[in-house]
file data.cif (mmCIF, C-alpha atoms)
data_upload
loop_
_atom_site.label_atom_id
_atom_site.label_comp_id
_atom_site.auth_asym_id
_atom_site.auth_seq_id
_atom_site.Cartn_x
_atom_site.Cartn_y
_atom_site.Cartn_z
CA MET A 1 103.59 94.09 139.33
CA ARG A 2 105.71 91.88 137.06
CA TYR A 3 105.20 88.53 135.44
CA LEU A 4 107.82 85.86 136.08
CA PRO A 5 110.50 85.54 133.38
CA LEU A 6 110.46 82.57 131.02
CA PRO A 7 112.59 79.59 132.10
CA ARG A 8 115.93 79.38 130.28
CA THR A 9 115.10 75.99 128.83
CA ALA A 10 112.27 77.56 126.80
CA VAL A 11 114.60 78.69 124.00
CA SER A 12 116.22 75.28 123.55
CA VAL A 13 112.84 73.51 123.69
CA VAL A 14 111.46 75.83 120.97
CA ALA A 15 114.59 75.38 118.84
CA VAL A 16 114.32 71.57 119.03
CA ALA A 17 110.57 71.66 118.35
CA THR A 18 111.10 73.90 115.30
CA VAL A 19 113.78 71.61 113.87
CA VAL A 20 111.51 68.57 114.40
CA LEU A 21 108.59 70.43 112.78
CA LEU A 22 110.66 71.45 109.75
CA ALA A 23 112.03 67.92 109.34
CA TRP A 24 108.53 66.46 109.55
CA LEU A 25 107.14 68.96 107.03
CA GLY A 26 110.09 68.35 104.71
CA TRP A 27 109.51 64.60 104.85
CA GLY A 28 105.78 65.12 104.34
CA SER A 29 106.38 67.43 101.37
CA ILE A 30 108.19 64.62 99.61
CA ARG A 31 105.80 61.82 100.57
CA HIS A 32 102.40 63.60 100.59
CA PRO A 33 102.79 67.06 99.04
CA GLU A 34 99.06 67.48 98.31
CA ALA A 35 98.14 66.93 101.96
CA LEU A 36 100.61 69.58 103.11
CA TRP A 37 100.28 72.24 100.45
CA ALA A 38 97.21 71.83 98.23
CA PRO A 39 94.17 74.02 98.96
CA GLY A 40 91.84 71.13 98.07
CA ASP A 41 91.69 67.68 96.50
CA LEU A 42 92.22 67.35 92.76
CA SER A 43 89.18 66.68 90.60
CA ARG A 44 88.48 63.22 89.23
CA TYR A 45 89.78 64.44 85.85
CA HIS A 46 93.27 64.98 87.23
CA ALA A 47 93.28 62.36 89.98
CA ASP A 48 96.14 60.52 88.27
CA VAL A 49 98.46 63.55 88.33
CA ALA A 50 101.26 62.48 90.64
CA ARG A 51 103.45 65.54 91.20
CA CYS A 52 102.64 69.20 91.89
CA VAL A 53 105.22 70.29 89.31
CA ASP A 54 103.33 68.40 86.60
CA CYS A 55 100.98 71.42 86.53
CA HIS A 56 102.75 74.12 88.57
CA GLU A 57 105.79 76.03 87.39
CA PRO A 58 107.84 77.01 90.47
CA PHE A 59 107.09 80.62 91.45
CA GLN A 60 104.97 81.07 88.29
CA GLY A 61 101.91 79.04 89.23
CA PRO A 62 99.95 76.69 86.98
CA SER A 63 101.21 77.24 83.44
CA PRO A 64 99.46 76.69 80.07
CA ALA A 65 102.62 75.00 78.82
CA LYS A 66 102.20 72.34 81.52
CA CYS A 67 98.54 71.88 80.50
CA LEU A 68 99.54 71.42 76.87
CA ALA A 69 102.09 68.80 77.85
CA CYS A 70 99.13 66.45 78.38
CA HIS A 71 96.33 68.20 76.49
CA SER A 72 98.24 68.52 73.22
CA GLU A 73 96.40 69.84 70.18
CA LYS A 74 96.77 66.50 68.43
CA ARG A 75 95.34 64.57 71.36
CA PHE A 76 92.64 67.18 71.86
CA ALA A 77 91.62 66.99 68.19
CA SER A 78 91.35 63.22 68.27
CA ARG A 79 89.23 63.10 71.45
CA SER A 80 87.04 66.20 71.31
CA LYS A 81 83.97 67.26 69.41
CA PRO A 82 84.76 69.65 66.54
CA ALA A 83 83.03 72.59 68.26
CA VAL A 84 85.03 72.07 71.47
CA ARG A 85 88.26 71.59 69.53
CA ASP A 86 87.71 74.73 67.45
CA PHE A 87 86.77 76.73 70.53
CA HIS A 88 90.00 75.76 72.31
CA ARG A 89 92.07 76.30 69.16
CA GLU A 90 90.73 79.85 69.02
CA VAL A 91 91.46 80.42 72.72
CA ILE A 92 95.03 79.22 72.27
CA ALA A 93 95.45 81.43 69.19
CA GLN A 94 94.39 84.41 71.29
CA GLN A 95 97.10 83.41 73.81
CA LYS A 96 94.60 83.22 76.66
CA THR A 97 95.62 81.18 79.68
CA CYS A 98 93.71 78.00 80.55
CA LEU A 99 93.04 79.46 83.99
CA VAL A 100 90.58 81.96 82.50
CA CYS A 101 88.05 79.12 82.37
CA HIS A 102 89.54 76.18 84.26
CA THR A 103 90.36 75.68 87.91
CA GLU A 104 91.39 72.83 90.20
CA HIS A 105 91.70 71.70 93.81
CA ARG A 106 87.99 72.06 94.48
CA GLY A 107 87.40 68.42 95.35
CA ALA A 108 87.06 65.14 93.48
CA LEU A 109 83.49 65.76 92.33
CA ALA A 110 83.84 69.46 91.50
CA GLN A 111 83.56 70.91 88.01
CA ILE A 112 86.82 72.37 86.77
CA THR A 113 85.31 74.79 84.25
CA THR A 114 84.33 78.12 85.72
CA ASN A 115 81.79 80.30 83.92
CA ALA A 116 80.74 77.11 82.20
CA MET A 117 77.92 77.34 79.71
CA PHE A 118 74.62 76.89 81.46
CA ASN A 119 71.95 75.07 79.50
CA PRO A 120 68.72 76.90 80.36
CA HIS A 121 66.60 74.38 78.42
CA GLY A 122 67.68 71.42 80.50
CA GLU A 123 67.89 67.86 79.22
CA PHE A 124 64.44 68.24 77.63
CA ILE A 125 65.79 70.12 74.58
CA PHE A 126 67.99 67.20 73.56
CA ARG A 127 65.08 64.79 73.84
CA ALA A 128 62.80 67.13 71.90
CA THR A 129 65.23 67.82 69.04
CA GLY A 130 67.00 64.48 68.93
CA THR A 131 70.36 66.25 69.16
CA SER A 132 73.14 65.75 71.66
CA SER A 133 75.06 69.00 71.54
CA CYS A 134 74.30 72.69 72.14
CA SER A 135 76.18 73.46 68.93
CA ALA A 136 73.42 71.74 66.93
CA CYS A 137 71.35 74.92 67.34
CA HIS A 138 73.83 77.52 68.67
CA GLU A 139 77.06 79.05 67.52
CA PHE A 140 79.54 79.86 70.28
CA GLY A 141 82.16 82.56 70.11
CA SER A 142 85.48 82.55 71.93
CA ASP A 143 84.04 84.60 74.79
CA VAL A 144 82.48 82.05 77.10
CA ALA A 145 80.51 84.72 78.92
CA ALA A 146 78.78 85.94 75.71
CA ARG A 147 75.39 84.61 74.66
CA PRO A 148 75.55 82.11 71.81
CA THR A 149 73.94 82.88 68.45
CA LEU A 150 70.90 80.87 67.38
CA LEU A 151 71.56 79.13 64.07
CA ASP A 152 69.11 79.22 61.17
CA ASN A 153 69.14 75.54 60.27
CA GLU A 154 66.64 72.73 59.77
CA ILE A 155 66.53 71.74 63.44
CA VAL A 156 65.77 75.26 64.63
CA ARG A 157 63.20 75.88 61.89
CA HIS A 158 61.48 72.59 62.69
CA LEU A 159 61.39 73.53 66.38
CA PHE A 160 59.71 76.85 65.58
CA GLU A 161 57.14 75.10 63.38
CA GLU A 162 56.38 72.50 66.03
CA GLY A 163 55.52 75.21 68.52
CA GLU A 164 52.61 76.43 66.37
CA GLY A 165 53.37 80.01 67.29
CA ALA A 166 54.39 79.36 70.90
CA HIS A 167 58.07 78.85 70.02
CA HIS A 168 59.73 82.13 69.21
CA ARG A 169 62.91 83.94 70.11
CA GLY A 170 63.19 85.09 73.71
CA ARG A 171 60.56 82.66 74.93
CA MET A 172 62.24 79.31 74.57
CA ALA A 173 64.76 79.32 77.37
CA ASN A 174 62.65 77.60 79.97
CA CYS A 175 61.06 74.66 78.10
CA LEU A 176 59.54 73.18 81.23
CA GLN A 177 57.44 76.28 81.84
CA CYS A 178 54.98 74.93 79.27
CA HIS A 179 56.19 71.35 78.89
CA VAL A 180 55.36 70.55 82.49
CA ALA A 181 57.22 67.53 83.87
CA GLY A 182 59.03 67.17 80.56
CA GLN A 183 55.92 66.14 78.58
CA MET A 184 56.21 66.60 74.81
CA GLU A 185 52.52 67.32 74.37
CA ILE A 186 50.95 70.26 76.19
CA GLU A 187 47.37 71.30 76.81
CA ASP A 188 45.72 73.26 73.97
CA ASN A 189 44.95 76.24 76.18
CA GLU A 190 48.67 76.59 76.91
CA GLN A 191 49.45 77.07 73.20
CA GLY A 192 50.26 80.53 72.00
CA LYS A 193 50.67 82.07 75.44
CA MET B 1 81.61 83.00 141.03
CA THR B 2 84.87 84.87 141.57
CA VAL B 3 85.77 87.98 139.63
CA VAL B 4 88.45 86.03 137.76
CA PHE B 5 86.09 83.29 136.56
CA ARG B 6 83.51 85.87 135.55
CA ARG B 7 86.26 87.45 133.41
CA VAL B 8 87.08 84.02 131.91
CA PHE B 9 83.47 83.58 130.75
CA ILE B 10 83.28 87.11 129.33
CA VAL B 11 86.55 86.65 127.42
CA ALA B 12 85.45 83.23 126.12
CA GLY B 13 82.17 84.71 124.91
CA LEU B 14 83.81 87.66 123.17
CA VAL B 15 86.45 85.46 121.51
CA SER B 16 83.77 83.04 120.27
CA MET B 17 81.71 85.89 118.85
CA ALA B 18 84.72 87.47 117.12
CA VAL B 19 85.85 84.17 115.58
CA GLY B 20 82.30 83.27 114.53
CA GLY B 21 81.78 86.73 113.04
CA ALA B 22 85.01 86.57 111.02
CA LEU B 23 84.17 83.10 109.67
CA LEU B 24 80.62 84.17 108.82
CA PHE B 25 81.93 87.26 107.01
CA GLU B 26 84.27 85.08 104.95
CA ALA B 27 81.40 82.72 104.13
CA ILE B 28 79.31 85.65 102.87
CA LEU B 29 82.23 86.94 100.77
CA SER B 30 82.73 83.44 99.33
CA LEU B 31 79.13 83.27 98.10
CA GLU B 32 79.97 85.50 95.15
CA THR B 33 83.13 83.66 94.13
CA VAL B 34 83.78 80.38 92.33
CA LEU B 35 86.69 79.62 94.65
CA SER B 36 86.69 80.51 98.33
CA PHE B 37 87.38 84.16 99.20
CA GLY B 38 90.94 83.34 100.28
CA HIS B 39 91.81 82.30 96.71
CA THR B 40 90.61 85.53 95.12
CA ARG B 41 92.77 88.61 94.61
CA GLN B 42 90.90 90.39 97.41
CA GLY B 43 91.43 87.36 99.65
CA HIS B 44 95.18 87.46 99.00
CA VAL B 45 95.28 91.18 99.80
CA THR B 46 93.38 90.52 103.04
CA GLY B 47 95.99 87.91 103.97
CA TRP B 48 98.88 90.29 103.29
CA ILE B 49 97.20 93.06 105.31
CA GLY B 50 96.56 90.62 108.16
CA LEU B 51 100.22 89.61 108.12
CA ALA B 52 101.34 93.27 108.10
CA VAL B 53 99.12 93.99 111.12
CA ILE B 54 100.46 90.91 112.91
CA LEU B 55 104.05 92.05 112.26
CA LEU B 56 103.24 95.27 114.15
CA VAL B 57 103.03 93.26 117.39
CA PHE B 58 106.80 92.71 117.28
CA VAL B 59 107.58 96.39 117.76
CA TYR B 60 106.60 96.11 121.45
CA PRO B 61 108.98 93.29 122.49
CA ILE B 62 111.76 94.85 120.42
CA ARG B 63 111.30 98.30 121.94
CA LYS B 64 111.10 96.69 125.38
CA ARG B 65 114.52 95.06 125.02
CA VAL B 66 116.43 97.29 122.61
CA GLY B 67 117.32 100.95 122.86
CA ARG B 68 119.04 103.36 125.20
CA ASN B 69 115.97 104.48 127.08
CA ARG B 70 114.54 101.15 128.25
CA THR B 71 111.32 102.41 129.77
CA TRP B 72 108.25 100.27 129.36
CA PRO B 73 106.73 101.28 125.97
CA ARG B 74 103.09 101.62 127.02
CA GLY B 75 101.93 102.92 123.63
CA TRP B 76 103.52 100.04 121.75
CA PHE B 77 102.02 97.61 124.25
CA GLN B 78 98.58 98.93 123.31
CA VAL B 79 99.47 98.52 119.62
CA HIS B 80 100.66 94.99 120.50
CA MET B 81 97.28 94.13 122.04
CA VAL B 82 95.13 95.65 119.28
CA ALA B 83 97.24 94.26 116.42
CA GLY B 84 97.35 90.88 118.17
CA VAL B 85 93.57 90.69 117.91
CA VAL B 86 92.83 92.53 114.64
CA GLY B 87 95.60 90.75 112.66
CA PRO B 88 94.40 87.21 113.48
CA LEU B 89 90.79 88.23 112.74
CA LEU B 90 91.87 89.45 109.28
CA ILE B 91 93.66 86.14 108.77
CA LEU B 92 90.44 84.33 109.73
CA VAL B 93 88.59 86.32 107.06
CA HIS B 94 91.37 85.44 104.60
CA ALA B 95 91.29 81.73 105.44
CA GLY B 96 87.68 81.07 106.43
CA ALA B 97 86.70 77.55 107.32
CA HIS B 98 88.17 76.04 104.13
CA LEU B 99 90.95 74.02 105.64
CA HIS B 100 92.79 71.40 103.59
CA ALA B 101 96.55 71.87 103.44
CA LEU B 102 98.35 70.96 106.64
CA VAL B 103 100.84 73.85 106.64
CA PRO B 104 98.24 76.66 106.76
CA ILE B 105 96.15 74.60 109.20
CA LEU B 106 99.13 74.36 111.57
CA ALA B 107 99.80 78.08 111.08
CA MET B 108 96.18 78.83 111.98
CA VAL B 109 96.32 76.63 115.07
CA ALA B 110 99.60 78.27 116.17
CA MET B 111 98.08 81.71 115.55
CA GLY B 112 95.04 80.79 117.62
CA ILE B 113 97.20 79.56 120.50
CA VAL B 114 99.36 82.71 120.42
CA ALA B 115 96.38 85.08 120.26
CA LEU B 116 94.43 83.20 122.91
CA SER B 117 97.40 82.93 125.28
CA GLY B 118 97.99 86.67 124.89
CA ILE B 119 94.34 87.42 125.63
CA ILE B 120 94.41 85.13 128.69
CA GLY B 121 97.64 86.77 129.83
CA GLN B 122 96.29 90.30 129.64
CA ALA B 123 92.60 89.84 130.39
CA VAL B 124 92.65 86.97 132.92
CA HIS B 125 96.09 86.30 134.40
CA TYR B 126 96.81 89.97 135.01
CA LEU B 127 93.51 90.25 136.93
CA ALA B 128 94.23 87.05 138.90
CA LEU B 129 97.70 88.30 139.83
CA ARG B 130 96.39 91.73 140.84
CA THR B 131 93.56 90.21 142.91
CA LEU B 132 95.98 87.83 144.67
CA ASN B 133 98.46 90.59 145.52
CA GLU B 134 95.66 92.86 146.73
CA GLU B 135 94.26 90.20 149.06
CA ARG B 136 97.73 89.34 150.36
CA ARG B 137 98.37 93.02 151.11
CA GLN B 138 95.05 93.30 152.96
CA PHE B 139 95.81 90.20 155.11
CA LEU B 140 99.22 91.59 156.04
CA GLN B 141 97.67 94.97 156.92
CA GLN B 142 95.21 93.15 159.20
CA GLY B 143 98.19 91.65 161.09
CA VAL B 144 97.94 88.14 159.63
CA SER B 145 101.34 86.47 159.49
CA PRO B 146 102.87 85.92 156.01
CA ASP B 147 102.60 82.11 156.34
CA GLU B 148 98.97 82.33 157.44
CA ALA B 149 98.22 84.74 154.57
CA GLU B 150 99.75 82.29 152.07
CA ALA B 151 97.71 79.45 153.56
CA ARG B 152 94.48 81.44 153.24
CA LEU B 153 95.32 82.42 149.66
CA HIS B 154 96.18 78.87 148.61
CA ASP B 155 93.25 78.50 146.19
CA GLU B 156 93.74 81.90 144.55
CA ALA B 157 97.47 81.23 144.26
CA SER B 158 96.85 77.86 142.54
CA ARG B 159 94.51 79.52 140.08
CA GLU B 160 97.04 82.28 139.40
CA GLU B 161 99.71 79.64 138.73
CA THR B 162 97.39 77.86 136.31
CA PHE B 163 96.77 81.04 134.30
CA ARG B 164 100.54 81.69 134.35
CA VAL B 165 100.90 78.95 131.74
CA TRP B 166 100.09 81.57 129.07
CA GLN B 167 103.61 82.95 129.50
CA LEU B 168 105.19 79.59 128.74
CA ILE B 169 103.09 79.36 125.58
CA HIS B 170 102.87 82.89 124.17
CA ALA B 171 106.43 83.74 123.10
CA PRO B 172 107.56 80.20 122.12
CA MET B 173 104.43 79.59 120.04
CA THR B 174 104.90 82.99 118.38
CA PHE B 175 108.20 81.75 117.00
CA MET B 176 106.60 78.52 115.73
CA PHE B 177 103.75 80.56 114.22
CA MET B 178 106.13 82.79 112.28
CA VAL B 179 108.02 79.76 110.96
CA LEU B 180 104.73 78.26 109.74
CA VAL B 181 103.61 81.60 108.25
CA ALA B 182 106.91 81.85 106.36
CA LEU B 183 106.39 78.31 105.01
CA HIS B 184 102.80 79.12 104.01
CA VAL B 185 103.84 82.29 102.17
CA ILE B 186 106.77 80.59 100.43
CA GLY B 187 104.56 77.61 99.49
CA THR B 188 101.82 79.88 98.15
CA LEU B 189 104.26 81.86 96.02
CA TYR B 190 106.01 78.67 94.85
CA PHE B 191 102.83 76.92 93.71
CA GLY B 192 100.64 79.94 92.93
CA GLY B 193 103.21 82.24 91.36
CA LEU B 194 104.77 85.52 92.41
#
call {"tool": "encode", "arguments": {"input": "data.cif", "output": "structure tokens"}}
result
Amino acid sequence: MRYLPLPRTAVSVVAVATVVLLAWLGWGSIRHPEALWAPGDLSRYHADVARCVDCHEPFQGPSPAKCLACHSEKRFASRSKPAVRDFHREVIAQQKTCLVCHTEHRGALAQITTNAMFNPHGEFIFRATGTSSCSACHEFGSDVAARPTLLDNEIVRHLFEEGEGAHHRGRMANCLQCHVAGQMEIEDNEQGK
Amino acid sequence: MTVVFRRVFIVAGLVSMAVGGALLFEAILSLETVLSFGHTRQGHVTGWIGLAVILLVFVYPIRKRVGRNRTWPRGWFQVHMVAGVVGPLLILVHAGAHLHALVPILAMVAMGIVALSGIIGQAVHYLALRTLNEERRQFLQQGVSPDEAEARLHDEASREETFRVWQLIHAPMTFMFMVLVALHVIGTLYFGGL
């Protein structure tokens, strides 16, 4: 029992179709490279990047040198908070690649920092302390995965005093556990638990 | 329901379950990663292994056409069938349902057409052809004239011709698939690094 052989025209039809496909993909690679090759849309931070080679080095992938072409130290220093600037300066000094923490092509609304610091206190801590940065109470090392150190400064001391014994190390991560619904004042029987 | 159509439903069910299972597995693997599984080191390795398994299918058509002793290589045909199913499933785990770039999407579609046409060829068309020939032989043994036998088998013959389309698709689409795979691999290495 044998299947019928393929018609002779099959080879020429496939050859023509392949040439048309390659021509179309070549044209598309020039006109819309992201649609043909990118694994996802760029984030809103890099939406104005026009060419793939602005970030990618051929056959080497995304390169720190390409990042620094836009995110130069001078520009970084003028537009970043000192803690952020110093953190990145240290990372660059250690010759770490940007890709250790940053990623792309995850969609317009995606975050591009992986292993980003998670604020366990939530927005409440900024309202309670009147600060606007984590570095007001914490010191961060170059290892983003490591826990930050709690500073011994006026803000932290004041926070401990305000808690009347309820605020102490190891028990302040989840503010809303006691400050239900983000209320500054809590019931007396909740104090000291 | 004829035996052929019952086979069609069974094959469709098994293919759906296999594809769904591979995509679900990838989704579970992606839960632990920031990027999708396909963009992790393990995801890349899965893709390379899938490609290596797929390349095994080419031993059968080569052995069938090349060599002094041109007997039908049954063993390699079995490798062809197994690798033609396992390889694409590994690629499904590698890719998951995260489709964005057109080149890998086209490669996936071509792979699906090639795998599905192969499955139809072996699991459905072969059965249809065998059933048709068997019935024709029985009619002729009963003394029915060849023309009368063909007339009685008209419906089965039409169905067999319909399933025969797999042959027109399988080999040509394999070539297109390999072209798209080559583009995907070159593009990945170009943009992602060697």
call {"tool": "closest_atom_pairs", "arguments": {"input": "data.cif", "of": "chain A", "to": "chain B", "cutoff": "9 Å", "atoms": "all atoms listed in the file", "output": "tab-separated table"}}
result
residue	atom	partner	partner_atom	distance
A:Met1	CA	B:Arg130	CA	7.7
A:Tyr3	CA	B:Gln167	CA	8.3
A:Leu4	CA	B:Gln167	CA	8.3
A:Pro5	CA	B:Gln167	CA	8.3
A:Leu6	CA	B:Leu168	CA	6.5
A:Pro7	CA	B:Leu168	CA	8.1
A:Ala10	CA	B:Pro172	CA	7.1
A:Val11	CA	B:Pro172	CA	7.4
A:Val13	CA	B:Pro172	CA	8.7
A:Val14	CA	B:Pro172	CA	6.0
A:Ala17	CA	B:Met176	CA	8.3
A:Thr18	CA	B:Met176	CA	6.5
A:Leu21	CA	B:Met176	CA	8.8
A:Leu22	CA	B:Val179	CA	8.8
A:Leu25	CA	B:Val103	CA	8.0
A:Glu34	CA	B:Ala101	CA	7.2
A:Ala35	CA	B:Ala101	CA	5.4
A:Leu36	CA	B:Leu102	CA	4.4
A:Trp37	CA	B:Ala101	CA	4.8
A:Ala38	CA	B:Ala101	CA	5.3
A:Pro39	CA	B:His100	CA	5.5
A:Gly40	CA	B:His100	CA	5.6
A:Asp41	CA	B:His100	CA	8.1
A:Cys52	CA	B:Phe191	CA	7.9
A:Val53	CA	B:Phe191	CA	8.3
A:His56	CA	B:Phe191	CA	5.9
A:Glu57	CA	B:Phe191	CA	7.0
A:Pro58	CA	B:Tyr190	CA	5.0
A:Phe59	CA	B:Tyr190	CA	4.1
A:Gln60	CA	B:Gly193	CA	3.7
A:Gly61	CA	B:Gly192	CA	4.0
A:Pro62	CA	B:Gly192	CA	6.8
A:Thr103	CA	B:Leu35	CA	8.6
A:Arg106	CA	B:Leu35	CA	7.7
A:Thr114	CA	B:Val34	CA	7.0
A:Asn115	CA	B:Val34	CA	8.6
call {"tool": "atom_distance", "arguments": {"input": "data.cif", "atom1": "atom CA of A:His138", "atom2": "atom CA of A:Gly170"}}
result
14.0 Å
call {"tool": "residues_around", "arguments": {"input": "data.cif", "residues": "B:Leu89", "least_positions_apart": "3", "cutoff": "12 Å", "atoms": "all atoms listed in the file", "output": "PyMOL selection string"}}
result
chain B and resi 15-26+46-47+49-51+53-54+82-86+92-96+108+111-112+115-116
call {"tool": "atom_distance", "arguments": {"input": "data.cif", "atom1": "atom CA of B:Arg6", "atom2": "atom CA of B:His80"}}
result
24.6 Å
call {"tool": "resolve_selection", "arguments": {"input": "data.cif", "expression": "the PyMOL selection byres ((chain B and resi 152-162) around 10)", "output": "VMD selection string"}}
result
chain B and resid 2 4 to 5 124 to 133 135 to 136 139 144 146 to 151 163 to 166
call {"tool": "closest_residue", "arguments": {"input": "data.cif", "among": "A:Ser63, A:Thr129, A:Glu123, A:Glu164", "to": "A:Cys98", "atoms": "only C-alpha atoms"}}
result
A:Ser63
call {"tool": "residues_around", "arguments": {"input": "data.cif", "residues": "A:Lys96", "least_positions_apart": "3", "cutoff": "12 Å", "atoms": "all atoms listed in the file", "output": "ChimeraX atom specification"}}
result
/A:63-65,87-93,99-102,142-143
call {"tool": "build_atoms", "arguments": {"input": "data.cif", "residues": "stretch 36-47 of chain A", "atoms": "N, CA and C atoms", "output": "JSON list (two decimals), in the frame of the given file"}}
result
[["chain", "number", "residue", "atom", "x", "y", "z"],
["A", 36, "LEU", "N", 99.97, 68.48, 102.39],
["A", 36, "LEU", "CA", 100.61, 69.58, 103.11],
["A", 36, "LEU", "C", 100.38, 70.93, 102.47],
["A", 37, "TRP", "N", 100.25, 70.95, 101.13],
["A", 37, "TRP", "CA", 100.28, 72.24, 100.45],
["A", 37, "TRP", "C", 99.04, 72.57, 99.63],
["A", 38, "ALA", "N", 98.31, 71.55, 99.16],
["A", 38, "ALA", "CA", 97.21, 71.83, 98.23],
["A", 38, "ALA", "C", 96.00, 72.42, 98.94],
["A", 39, "PRO", "N", 95.34, 73.41, 98.31],
["A", 39, "PRO", "CA", 94.17, 74.02, 98.96],
["A", 39, "PRO", "C", 92.92, 73.15, 98.89],
["A", 40, "GLY", "N", 92.98, 72.04, 98.17],
["A", 40, "GLY", "CA", 91.84, 71.13, 98.07],
["A", 40, "GLY", "C", 92.23, 69.91, 97.26],
["A", 41, "ASP", "N", 91.39, 68.89, 97.28],
["A", 41, "ASP", "CA", 91.69, 67.68, 96.50],
["A", 41, "ASP", "C", 91.56, 67.96, 95.00],
["A", 42, "LEU", "N", 92.34, 67.23, 94.22],
["A", 42, "LEU", "CA", 92.22, 67.35, 92.76],
["A", 42, "LEU", "C", 90.90, 66.76, 92.30],
["A", 43, "SER", "N", 90.42, 67.23, 91.16],
["A", 43, "SER", "CA", 89.18, 66.68, 90.60],
["A", 43, "SER", "C", 89.43, 65.27, 90.06],
["A", 44, "ARG", "N", 88.35, 64.59, 89.76],
["A", 44, "ARG", "CA", 88.48, 63.22, 89.23],
["A", 44, "ARG", "C", 89.18, 63.23, 87.87],
["A", 45, "TYR", "N", 89.14, 64.37, 87.16],
["A", 45, "TYR", "CA", 89.78, 64.44, 85.85],
["A", 45, "TYR", "C", 91.31, 64.40, 85.97],
["A", 46, "HIS", "N", 91.82, 64.90, 87.06],
["A", 46, "HIS", "CA", 93.27, 64.98, 87.23],
["A", 46, "HIS", "C", 93.76, 64.13, 88.41],
["A", 47, "ALA", "N", 92.93, 63.17, 88.80],
["A", 47, "ALA", "CA", 93.28, 62.36, 89.98],
["A", 47, "ALA", "C", 94.57, 61.58, 89.78]]
